[in-house]
Amino acid sequence: MMKKYFTITLLVLITNFSYSQFGTKYEEVKVLLKNGNVVSGFGRVSLYHIDFKDVNKKNHEKIGFSDINNLKFTVYSGKKNINKNDFILASLLLEKNSTDKKKYVLAELIVEKDKIKIYGVHAFEGGGGFSMGHGLGGQVSVVNLRGNFNSNSYSDYYCYFNNESIPRLMYQKVNTFKTFRVMAAECFKDCEELSEKINTKEFTKENIFEIANYYNDKCK
């Protein structure tokens, strides 16, 4: 009898662990649709869509990525939910001058200035080989992502310049032989002084905040 109870308890614990780790929790979300409408409520990420509920956590529907321009999750933490982290799900072009080859990534807002926002894609892997850095697969709860900046916690970096709707790739850790120095210098080529500082390693991957501040203060 004790063995039976132990087996049931273990099964419940495993089920609850899987439940909390892979996308069952709905988070506060704001979605900008391609038709121009904005909807707010609660959502979670799936393979080709988000599961969405209204502000009363009712009226469940699926919103396909193909209908989304971008969206922002806001995740609260701490004993009184006073800490918050913003995450975006954005459609990113895989190739220059391409409108049909896109991927969707979930990224955390690292630094935000008037002229620039820098997002980091988490180097997170879970069941089934899911990897944030390679696009979305399965489900994942954004609440389980890291909330503190560490340059090694991210696989990719993306920049939004002057409220542009399409982000620019700043660095990609996998599927490329290019270093941060090479890719970031190219990303900021429109600001020659900043590009040179990156090229000479005065600014490295550890200096994300300094890069953002320099661009915001000294680049056009």
# chains A, B, ... in the order shown; residues from 1 in each chain; ligands from 1

call {"tool": "residues_around", "arguments": {"residues": "Ala184 in chain A", "least_positions_apart": "6", "cutoff": "12 Å", "atoms": "only C-alpha atoms", "output": "ChimeraX atom specification"}}
result
/A:118,156-159,168-173,178,190-192,194-201,203-205,207-208,211-212

call {"tool": "write_last_selection", "arguments": {"atoms": "N, CA and C atoms", "output": "CSV table (one decimal), in the first residue's frame"}}
result
chain,number,residue,atom,x,y,z
A,118,ILE,N,17.4,47.1,-26.7
A,118,ILE,CA,18.1,45.9,-27.0
A,118,ILE,C,17.4,44.7,-26.2
A,156,ASP,N,21.1,35.2,-28.6
A,156,ASP,CA,21.0,36.2,-29.7
A,156,ASP,C,20.7,37.6,-29.0
A,157,TYR,N,21.1,38.7,-29.7
A,157,TYR,CA,20.7,40.0,-29.3
A,157,TYR,C,20.1,40.7,-30.5
A,158,TYR,N,19.0,41.4,-30.3
A,158,TYR,CA,18.3,42.2,-31.3
A,158,TYR,C,18.1,43.6,-30.9
A,159,CYS,N,18.2,44.5,-31.8
A,159,CYS,CA,18.0,46.0,-31.5
A,159,CYS,C,16.9,46.6,-32.3
A,168,ARG,N,16.8,44.6,-35.7
A,168,ARG,CA,18.1,44.3,-36.4
A,168,ARG,C,18.9,43.3,-35.5
A,169,LEU,N,19.4,42.3,-36.2
A,169,LEU,CA,20.2,41.3,-35.4
A,169,LEU,C,21.5,41.9,-35.1
A,170,MET,N,21.8,41.9,-33.8
A,170,MET,CA,23.1,42.4,-33.3
A,170,MET,C,24.2,41.3,-33.1
A,171,TYR,N,23.7,40.2,-32.7
A,171,TYR,CA,24.6,39.0,-32.5
A,171,TYR,C,23.8,37.7,-32.4
A,172,GLN,N,24.4,36.7,-33.0
A,172,GLN,CA,23.8,35.4,-32.9
A,172,GLN,C,24.9,34.4,-32.5
A,173,LYS,N,24.6,33.6,-31.5
A,173,LYS,CA,25.7,32.7,-30.9
A,173,LYS,C,25.8,31.5,-31.7
A,178,LYS,N,30.7,34.1,-37.2
A,178,LYS,CA,31.1,35.5,-36.9
A,178,LYS,C,31.1,35.8,-35.4
A,190,ASP,N,25.9,52.4,-39.0
A,190,ASP,CA,25.4,53.7,-39.3
A,190,ASP,C,25.9,54.8,-38.3
A,191,CYS,N,26.5,54.3,-37.2
A,191,CYS,CA,27.2,55.2,-36.3
A,191,CYS,C,28.7,54.8,-36.2
A,192,GLU,N,29.4,55.4,-37.0
A,192,GLU,CA,30.8,55.0,-37.3
A,192,GLU,C,31.7,55.0,-36.0
A,194,LEU,N,30.7,54.4,-32.8
A,194,LEU,CA,30.3,53.3,-32.0
A,194,LEU,C,30.8,52.0,-32.7
A,195,SER,N,30.7,51.9,-34.0
A,195,SER,CA,31.1,50.7,-34.7
A,195,SER,C,32.6,50.5,-34.5
A,196,GLU,N,33.4,51.6,-34.5
A,196,GLU,CA,34.8,51.5,-34.3
A,196,GLU,C,35.2,51.1,-32.9
A,197,LYS,N,34.4,51.5,-31.9
A,197,LYS,CA,34.7,51.1,-30.5
A,197,LYS,C,34.4,49.6,-30.3
A,198,ILE,N,33.4,49.1,-31.0
A,198,ILE,CA,33.1,47.7,-30.9
A,198,ILE,C,34.2,46.9,-31.7
A,199,ASN,N,34.6,47.4,-32.8
A,199,ASN,CA,35.6,46.8,-33.6
A,199,ASN,C,37.0,46.7,-32.9
A,200,THR,N,37.3,47.7,-32.1
A,200,THR,CA,38.6,47.6,-31.4
A,200,THR,C,38.5,47.0,-30.0
A,201,LYS,N,37.3,46.4,-29.7
A,201,LYS,CA,37.0,45.7,-28.5
A,201,LYS,C,37.0,46.7,-27.2
A,203,PHE,N,34.3,48.2,-26.6
A,203,PHE,CA,33.0,47.7,-26.1
A,203,PHE,C,32.8,46.2,-26.5
A,204,THR,N,32.5,45.3,-25.6
A,204,THR,CA,32.4,43.9,-25.9
A,204,THR,C,30.9,43.5,-25.5
A,205,LYS,N,30.7,42.2,-25.6
A,205,LYS,CA,29.4,41.7,-25.2
A,205,LYS,C,29.0,42.0,-23.8
A,207,ASN,N,29.4,44.8,-22.4
A,207,ASN,CA,29.1,46.2,-22.4
A,207,ASN,C,27.8,46.6,-23.1
A,208,ILE,N,26.8,45.8,-22.9
A,208,ILE,CA,25.5,46.0,-23.6
A,208,ILE,C,24.9,47.4,-23.2
A,211,ILE,N,26.9,50.2,-24.7
A,211,ILE,CA,26.6,50.4,-26.1
A,211,ILE,C,25.3,51.1,-26.3
A,212,ALA,N,24.3,50.7,-25.5
A,212,ALA,CA,23.0,51.4,-25.7
A,212,ALA,C,23.1,52.9,-25.3

call {"tool": "closest_residue", "arguments": {"among": "A:Asn85, A:Asn69, A:Thr74, A:Asn150", "to": "Ser165 in chain A", "atoms": "only C-alpha atoms"}}
result
A:Asn69

call {"tool": "residues_around", "arguments": {"residues": "Asn70 in chain A", "least_positions_apart": "3", "cutoff": "9 Å", "atoms": "only C-alpha atoms", "output": "NGL selection string"}}
result
:A and (30-34 or 65 or 88-91 or 165)

call {"tool": "write_last_selection", "arguments": {"atoms": "N, CA, C and O atoms", "output": "compact mmCIF listing (two decimals), in the first residue's frame"}}
result
# COMPACT_ATOMS: atom_id res chain seq x y z
N LYS A 30 0.17 41.85 -24.13
CA LYS A 30 -0.43 42.84 -25.02
C LYS A 30 -0.01 42.49 -26.44
O LYS A 30 1.17 42.37 -26.73
N VAL A 31 -0.99 42.32 -27.33
CA VAL A 31 -0.73 41.81 -28.68
C VAL A 31 -1.09 42.88 -29.72
O VAL A 31 -2.20 43.41 -29.72
N LEU A 32 -0.13 43.18 -30.59
CA LEU A 32 -0.37 44.07 -31.72
C LEU A 32 -0.59 43.19 -32.95
O LEU A 32 0.30 42.49 -33.41
N LEU A 33 -1.82 43.22 -33.46
CA LEU A 33 -2.17 42.40 -34.61
C LEU A 33 -1.84 43.11 -35.92
O LEU A 33 -1.72 44.34 -35.97
N LYS A 34 -1.69 42.33 -36.97
CA LYS A 34 -1.34 42.91 -38.27
C LYS A 34 -2.45 43.78 -38.84
O LYS A 34 -2.18 44.64 -39.69
N PHE A 65 0.67 33.11 -35.16
CA PHE A 65 1.80 34.03 -35.35
C PHE A 65 1.65 34.83 -36.64
O PHE A 65 2.09 35.97 -36.73
N ILE A 88 9.22 40.06 -25.40
CA ILE A 88 8.48 40.25 -26.63
C ILE A 88 8.52 38.97 -27.46
O ILE A 88 9.47 38.19 -27.37
N LEU A 89 7.48 38.75 -28.23
CA LEU A 89 7.47 37.72 -29.24
C LEU A 89 7.43 38.45 -30.56
O LEU A 89 6.43 39.08 -30.89
N ALA A 90 8.51 38.44 -31.29
CA ALA A 90 8.60 39.25 -32.50
C ALA A 90 8.87 38.39 -33.71
O ALA A 90 9.55 37.36 -33.62
N SER A 91 8.36 38.82 -34.85
CA SER A 91 8.68 38.15 -36.11
C SER A 91 9.95 38.79 -36.65
O SER A 91 10.04 40.00 -36.80
N SER A 165 9.84 49.04 -36.70
CA SER A 165 8.97 47.90 -36.42
C SER A 165 9.69 46.56 -36.58
O SER A 165 9.25 45.55 -36.04

call {"tool": "atom_distance", "arguments": {"atom1": "CA of Gly43 in chain A", "atom2": "CA of Glu27 in chain A"}}
result
5.4 Å

call {"tool": "closest_residue", "arguments": {"among": "A:Asn162, A:Val182, A:Lys80, A:Asn175", "to": "Cys219 in chain A", "atoms": "only C-alpha atoms"}}
result
A:Asn162

call {"tool": "atom_distance", "arguments": {"atom1": "CA of Ile50 in chain A", "atom2": "CA of Thr176 in chain A"}}
result
29.2 Å

call {"tool": "atom_distance", "arguments": {"atom1": "CA of Phe180 in chain A", "atom2": "CA of Asn163 in chain A"}}
result
23.5 Å
